[in-house]
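Shown next, in structure tokens, is the structure this report addresses.
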Amino acid sequence: MDFFAQQDLARRNTRLLTLLFLCAVAALIVLTNALVAGFLWWGDHYNLYAGSRGSFRDFLRYFSWERFGTIGLGISATVGLVAMVKWLQLAAGGKVVAEAMGGTRILPQTSDSAERRCLNIVDEIALAAGMPVPPVFVMNAERGINAFAAGLSPADAVIGVTRGAITHLRRNELQGVIAHEFSHILNGDMRLNIRLAALLKGITFIGDVGYILMRASSHHRTGNDRDRSNGGPALPLLGLGLWILGWLGGLASGFIKAAISRQKEYLADACAVQYTRDNSGIADALKVIGGYVPGSLVHTARADELSHIFFGQIRHRLWQLFATHPPLPSRIRRLEPGWNGAYITRKVEHYEHAQPHPAAAEVGVGRAALVAAALAAVEAGNGPLEAPDAADAHFAGDGAEAEFPAHHGLPQAFLRYSHEPLGASALMLALLISDDASVQATQYALLRESGVRGLEDLTHTLAPGVAALSAGQRLPLLELCLPALKSQSVGQYRQFKRLLLGLIRADRRTELLEWCLYQLLRHYIDPEFFQVKPATARYRSLRKVREHLRVVLSMLAHNSSGDTLLCFRTAAEALDDSALTLLPQADCSLAAFSRAVRELADCYPLLKPRILKAMRKAANADGRVSALEQELLAAIAAAMDCPLPDALGNQANTDR
């Protein structure tokens, strides 16, 4: 599946969404004017206790262009303001969305076998998708089988799963569901989904106001209301009218959700097969939903406004016209054309809600034990820690599963440390430890002065092993550490960033590999703690970013493992721009390079893969991609909010 084409389709669907939204707002303005005219006519020409005093023909006199403009402006301003407030709430990141729906984060140190299995699957799919591992949230109160992806970009994306999904699905079935959600991250659906939720909240807000008016008026209706003005029934009738408008707006929003979302579910199902290389996993998951009593229902109140981001339908719909997802049989038959129509039945299990987070004392003991175990292993000359026995044998036939699956041959000890905040911090800092003794002394002094208990000792213990890693293992290690680093507090993350910069500047110069490491960490972790403005599509053609391309391609060429000029010319030819000229190495500063990459991030979705493919061809001009080139390309792709083309992993022979 061409994810870049899907990202462009998502951008074009945004235009369709805007058009449908404007039509819905226009209809609301017309209906509200009719309601207000009827309200005024009722107040002037009808007395509830004395009978009619006017003619219905007078009703048309209560329409006026002046009132129409005033009401139109008021409706537009209200809808726009509500949509903007909702957007600001949802744009804070996938973590905010997941927590709003009752999700709690699955921590790496969880002792729940189902949660640990889920984390392992997310790790594996992230590796297959070529993107960092997102945090995982579980909705413990939900027995239905469902999942979602939320966020504005891969940098702040999260995966959410219900307790029913991780408890009742077999491993291959859960793989299919999670792979489906990863496709929504990569093809640009998440941002569209958040925008859709914000705009539709603006439409349905009028109904909320009507409901409040109806409720408020009921508290003021007493036996003495007969002495009030003849317009006594007006307030509840106005509330009823607004509630009806909101109901109609809800129908419109349901139709818009269905129009935008349904086809994307088919695409995401196909993408899940592409990731897992198996169509039975996701097909069986859909069959389980069909034969499972709670199905894919989600009961949390906040789920309704975000129903379109889930894997399955969260409510029963009388009319498929307003369903946000295609019918289950239709989805299954696209995956298995020969399906016999039989669903898979699973017994509903009653489970205890898992604790959302371990106690603070337990985390502290875990950190102390981690440092002690590492020191003891070095002193005793022990090898890497072995993985424990099977972490999940919930279903017969699933087989044993190691607690930490293998990733690029990384030592099991490193896999353990990467799943815990202190260990992940130490691993990333160990990547920056210099070979020079004097610089090394300065770096360890910074760690000592940080006041983080055990950090200096653990970094010192891990540094030799990290230095011995092959070049192709640094990026996978970084990606595995991201979820644990995201579980830090804001204060801990600020301190971690200060330590990173301190270690980088300890030798009073910044190397390109250090820039890559810092950019990758900053890009993927900052959105977890701070409001980060995503890239804006501003450049429609490569001509507008020509000078920025020249800087970036020149930097890549000068750091190529092959011929510099050949590398640059290969990229220029791939971009059909033979007039591009190579900059002297003296003009390729890190500051200029960093600015150029930020500008390239503002290219339109279909331009970004062209640029990355040209860079890939340039790096592979001599038949291999060196470690520096590979990490440089990964850093550029991350900063551009664009996954590396799949061919990179297939064609590149990493120089170890």
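The chains in the structure tokens are called A, B, ... from first to last as shown; in each chain the residues are counted from 1, and the ligands are counted from 1 in the order shown.
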What's around stretch 532-546 of chain A at 9 Å? Count only C-alpha atoms, leave out sequence neighbours fewer than 6 positions away in its own chain, and write the answer as number ranges by chain. A: 92, 152-153, 526, 575, 580, 596, 598-605, 607, 611, 640-641
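Backbone DSSP of stretch 92-306 of chain A yields strand (DSSP E) at Thr104, Arg105, Val136, Phe137, Val138, Met139, Ala147, Phe148, Ala149, Ala150, Val158, Ile159, Gly160, Val161 and Thr162 of chain A.
When only C-alpha atoms are used to measure the gap to A:Leu169, the shortest distance among A:Ser307, A:Thr345, A:Thr510, A:Gln440 belongs to A:Thr345.
Distances here use only C-alpha atoms; by that measure, the residue among A:Ala627, A:Leu612, A:Val161, A:Ala91 closest to A:Leu192 is A:Ala91.
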